[in-house]
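Okay, so here's the structure we're looking at.
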Amino acid sequence: MSPSHQAPPAQDYLDRSRWPADGWRLAETRFDSSDLGVTETLFSVGNGYLGLRGNVEEGRESHTHGTFVNGFHETWPIQHAEEAFGFAKVGQTIVNVPDAKVIRLYIDDEPLLLPVADILEYERAIDFREGVLRRELLWRTPAGKRVRVRSSRMVSFHDKHLAVLSFEVTMLDDAAPVAISSQMLNRQDGEDEYHVRAEAMGAGFDPRRSERLDRRVLDPQHHCSDVETGRVELGYRTHDSGMTLAVAADHIFETENTYTTRAHSEDDLAKMTYRVDAQPGQPIRLTKLVTYHTSRGVPARELVDRCRRTLDRVREQDLEQQYEHQRAWLADFWERSDVEVPGNEAIQQAIRWNLFQVAQASARAEGHGFPAKGVSGSGYSGHYFWDTEIYVLPFLTYTSPHIARGALRFRYSLLDHARKRATELAQQGALYAWRTINGEEASAYYAAGTAQYHINADISYALTQYVRATGDTDFLTREGIDVLVETARMWADLGFWRSEEDGTFHIHGVTGPDEYTTVVNDNLFTNVMARHNLARAADAVRMLAERDGPQYDQVLARLDLRESEIAEWERVAAGMAIPYDEHLGVHPQDQHFLEREVWDLDHTPLDRRPLLLNYHPLVIYRFQVLKQADVVLALFLHGDEFTADQKRADFEYYDPITTGDSTLSAVVQSIMAAEVGYADLAYRYFLSALFVDLADRHHNTSDGVHVASTGGVWSALACGFGGFRDHGGSFTIDPRLPEHWEGLVYRVTLHGTRVRVTVRPAEVELVVEDGDAATLTVRDQLVTVTKGEPVTVQLHGQGPRLEGEPPPVPGRRRSDGTVITAIVPGC
């Protein structure tokens, strides 16, 4: 039984004495050093370009210090135990850049150290409407003096290069000498998390964590401090990748107390120090304006100039204007994106925290992808995966299509890299890297990396979904069509025809989403997605031929495309092999999947989970056991290609053997459990996904936010309980509202019209919030909703509802008559 099956009620996930339920805020009411890594992630602030982990301001008590710039990376040679042609050669890892968060406080020359300090009052919180992390505490010093300390931290959505920090100290009862040291610190040479691990796999290997470099990564290029202006600057160049970075900070110091100021800079440190003769009731306030600029090769001195221009501009403005910009950006975001569950503050809080994380990971990514951990941590080395297209982009496509468009244009920008990679693997067309930052393959373990060819189809799926939802044919004809054509070419070349099977097309030697079963033949997910990729590429080209002859001719010339190719894609799509077992009545995950023994998850000790960290891959590969949804994901993405009975049978077969070891799994299992009728199970899976980071359900939240899961939460709500589907470009709603919910409200933007969907137990209400009109099908009833004229559709009858959970696989018989049994390896 998977961990999600054992999910406790929502109120048991968090200690509400520490984490009060509030629909718009996440707050902690006491400091606890035992889970610093988790809280550093939960309270990270970012905008998709720049991210600051939620480290305490004082800079000493931290699990992992972290400041990250999307796409800013170092490279290193991958040393394989045994080399082979086509293996990834150059690793890429996101760089932990100089930390400008550090503001150290001394009272009577005694430092504020939270783990040992006498803290009388404490709250740290972020309001999702404000986008500012705030902390307030009351400290009784070793000398018995009470000190009020307030701080805030904001990464601007309005100005992608800007962060604004504040730090305020007030002596309440007694005078005292106060020192504040505001620093920009570049941690190097083992001071933090740089220790090279160049081997592909080795002792203590965990593929979810970042590579660690034991050499200097950032070579100093510039440092400067100015006591008169309060400005400090640092500049660097990465040792191997050659990328450059500059960071600068302006300090605004305000107090009625007497004070002195000192400035200092060196290669890896720039700081301003303030020594204050503090009197009771006289606040000391420091505002720190910080800016980061990066480049693939522009000299650091030019980036320093950019930093200066950013700070000069901000200094000329009223500081409150920065906070107003932040509130305005978020007001617009929530107007488009909010999902409401009336009457449940705990659930509402968790939903908004998850959606807020998507904004922090994507809003200003501009020209980059979305790292698996956003800019909240170094997990997965800051790489971009298929997660973006399948789990994050649906939310953005239907709520913030301009951000989705930017992400797809980024994939287009990598097309030449994908063409090169396809050539390396002896294929035509283009093959996108499984994990990458700069477009080159960075996966050292090909079986669970490069072999996941489905990334091509995932990108094409997201592209098609975006175009159908937005009507953005301009993007399709100028750039998107190139992606569709080159990925279709790869599929047509990768597979082969079997004439003895009446001309079916097969794809061998690939890995699907389930990384516990690798390098297989006819993986169902891959084949279904490839079929879609091929068909949509052909459709796009033929549509262009009908609508824009000159543009069509340009595409043919640009891509050296022939009519015979287009016809071949259509033939391959029609002939794609889709495995099906008539005896068991299910779709095999791959050609030989059902021949394997079944892993007994019910009797696998919890200390042997996740399986990938406790069993050799060869052990796992011999069994029917899934890391994450595979066939079930295909049922969701292409539900119109399967019957209701097939969906239920497949779900019942695969759910009991799915470990949920991947955070990508629960949202999909929730959606399909809801559709086929397992309502209680759907809700438990939903809670597991909803709290995956908030409750550290996978024990690795300290590595950063699971961004794909946060995006998937929207799909679980809108598509699972809200019943929204977009198969074939038709928008349908067939809800599965949890019995104990009063209702569910979500928004979708269709061709520029934003529709608010309110699901109640017996009806669905559609309201146009922005735009003119939209047409949807609600439980088989076609309706058009226009501005100012809401439509309410009565729900006659409910969807299927099944009690309990799917029956276990053991006990079923294969087509040869043998009974399926389950075992635990080594037991």
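For the structure tokens, the naming scheme is as follows: chains receive sequential letters (A, B, ...) according to their order of presentation, residues are indexed from 1 within each chain, and ligands are indexed from 1 in presentation order.
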
Non-local contacts of Cys307 (chain A) (8 Å; only C-alpha atoms; under 2 positions in same chain excluded) as a VMD selection string: chain A and resid 246 to 248 291 to 293 303 to 305 309 to 311

Residues near Tyr384 (chain A), cut-off 7 Å, only C-alpha atoms, skip fewer than 6 positions along chain, as a VMD selection string: chain A and resid 369 to 372 435 to 437

Using the selection just defined, write its residues with C-alpha atoms as a PDB file, in the first residue's frame.
```pdb
ATOM      1  CA  GLY A 369      12.931  27.208 -17.928  1.00  0.00           C
ATOM      2  CA  PHE A 370      11.477  26.409 -14.532  1.00  0.00           C
ATOM      3  CA  PRO A 371      13.943  24.415 -12.397  1.00  0.00           C
ATOM      4  CA  ALA A 372      12.495  21.403 -10.585  1.00  0.00           C
ATOM      5  CA  ARG A 435      17.614  17.159 -17.732  1.00  0.00           C
ATOM      6  CA  THR A 436      19.443  20.340 -18.588  1.00  0.00           C
ATOM      7  CA  ILE A 437      20.098  23.995 -17.916  1.00  0.00           C
TER       8      ILE A 437
END
```

Coordinates-based distance that separates CA of Arg736 (chain A) from CA of Gly723 (chain A) (Å, one decimal): 6.3 Å

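CA of Ala27 (chain A) is positioned 9.4 Å from CA of Arg135 (chain A).
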
Contacts of Thr659 (chain A) within 12 Å, only C-alpha atoms, excl. fewer than 4 positions in-chain, as a ChimeraX atom specification: /A:1-6,514-516,599-602,604,606,608-612,620,624-630,654-655,663-666,669,698

Backbone DSSP call of strand (DSSP E or B) for region 476-620 of chain A, listed as a list in words: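 Residues of region 476-620 of chain A classed as strand (DSSP E or B): Phe496, Trp497, Arg498, Thr504, Phe505, His506, Val510, Val520, Met576, Asp581, Val586, Glu597, Val598 and Trp599 of chain A.
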
Tyr461 (chain A) environment, 12 Å, only C-alpha atoms, sequence neighbours closer than 6 positions dropped, as a count of residues only: 35

At a cut-off of 7 Å, using only C-alpha atoms, what residues contact Val358 (chain A)? Leave out same-chain residues fewer than 5 positions from it and give the result as a short mmCIF file (atom, residue, chain, number, x, y, z; two decimals) with all heavy atoms, in the first residue's frame.
```cif
data_model
loop_
_atom_site.label_atom_id
_atom_site.label_comp_id
_atom_site.auth_asym_id
_atom_site.auth_seq_id
_atom_site.Cartn_x
_atom_site.Cartn_y
_atom_site.Cartn_z
N VAL A 707 8.23 21.93 -7.26
CA VAL A 707 7.44 22.85 -8.08
C VAL A 707 6.42 22.10 -8.94
O VAL A 707 5.27 22.55 -9.09
CB VAL A 707 8.35 23.72 -8.95
CG1 VAL A 707 7.54 24.55 -9.94
CG2 VAL A 707 9.19 24.64 -8.07
N THR A 710 3.43 21.36 -6.92
CA THR A 710 2.60 22.53 -6.63
C THR A 710 1.74 22.89 -7.83
O THR A 710 0.58 23.27 -7.68
CB THR A 710 3.47 23.75 -6.22
OG1 THR A 710 4.30 24.16 -7.30
CG2 THR A 710 4.33 23.43 -5.02
N GLY A 711 2.30 22.77 -9.04
CA GLY A 711 1.48 22.99 -10.22
C GLY A 711 0.43 21.92 -10.37
O GLY A 711 -0.71 22.19 -10.76
#
```

Ser702 (chain A): which residues within 8 Å, counting only C-alpha atoms, same-chain residues fewer than 5 positions away excluded, as an mmCIF file with N, CA and C atoms, in the first residue's frame?
```cif
data_model
loop_
_atom_site.group_PDB
_atom_site.id
_atom_site.type_symbol
_atom_site.label_atom_id
_atom_site.label_comp_id
_atom_site.auth_asym_id
_atom_site.auth_seq_id
_atom_site.Cartn_x
_atom_site.Cartn_y
_atom_site.Cartn_z
ATOM 1 N N LEU A 36 15.103 23.297 10.303
ATOM 2 C CA LEU A 36 15.534 24.499 9.593
ATOM 3 C C LEU A 36 15.462 24.327 8.080
ATOM 4 N N GLY A 37 15.885 23.168 7.581
ATOM 5 C CA GLY A 37 15.875 22.966 6.139
ATOM 6 C C GLY A 37 14.486 23.103 5.557
ATOM 7 N N VAL A 38 13.501 22.563 6.261
ATOM 8 C CA VAL A 38 12.117 22.638 5.787
ATOM 9 C C VAL A 38 11.620 24.074 5.796
ATOM 10 N N THR A 39 11.812 24.778 6.906
ATOM 11 C CA THR A 39 11.291 26.148 6.996
ATOM 12 C C THR A 39 12.042 27.090 6.065
ATOM 13 N N GLU A 40 13.308 26.809 5.813
ATOM 14 C CA GLU A 40 14.041 27.631 4.838
ATOM 15 C C GLU A 40 13.395 27.532 3.461
ATOM 16 N N THR A 41 12.908 26.349 3.126
ATOM 17 C CA THR A 41 12.218 26.175 1.849
ATOM 18 C C THR A 41 10.835 26.804 1.879
ATOM 19 N N HIS A 63 20.310 25.398 7.774
ATOM 20 C CA HIS A 63 20.511 24.056 7.246
ATOM 21 C C HIS A 63 21.291 24.146 5.938
ATOM 22 N N THR A 64 20.819 24.993 5.033
ATOM 23 C CA THR A 64 21.496 25.226 3.761
ATOM 24 C C THR A 64 21.312 26.680 3.367
ATOM 25 N N GLY A 377 15.933 26.242 -3.933
ATOM 26 C CA GLY A 377 16.933 25.298 -3.450
ATOM 27 C C GLY A 377 17.709 24.719 -4.611
#
```

Residues near region 170-183 of chain A, cut-off 6 Å, only C-alpha atoms, skip fewer than 2 positions along chain, as a PyMOL selection string: chain A and resi 102-108+146-148+185+270-281+283

Which residue of A:Leu776, A:Leu766, A:Cys224, A:Val586 approaches Gly788 (chain A) most closely, using only C-alpha atoms: A:Leu766

Point-to-point distance from CA of Val155 (chain A) to CA of Gly54 (chain A), Å rounded to tenths: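 Distance between the two atoms: 11.8 Å.
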
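Taking only C-alpha atoms into account, Leu687 (chain A) lies nearest to A:Ile351 out of the set A:Ile351, A:Leu556, A:Arg419, A:Arg754.
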
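Compared by their closest atoms to Pro605 (chain A), and using only C-alpha atoms, the residues A:Lys647, A:Trp491, A:Val676, A:Val824 rank with A:Val824 nearest.
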
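Residue nearest Arg571 (chain A), chosen from A:Gln79, A:Thr517, A:Thr504, A:Thr464 and counting only C-alpha atoms: A:Thr504.
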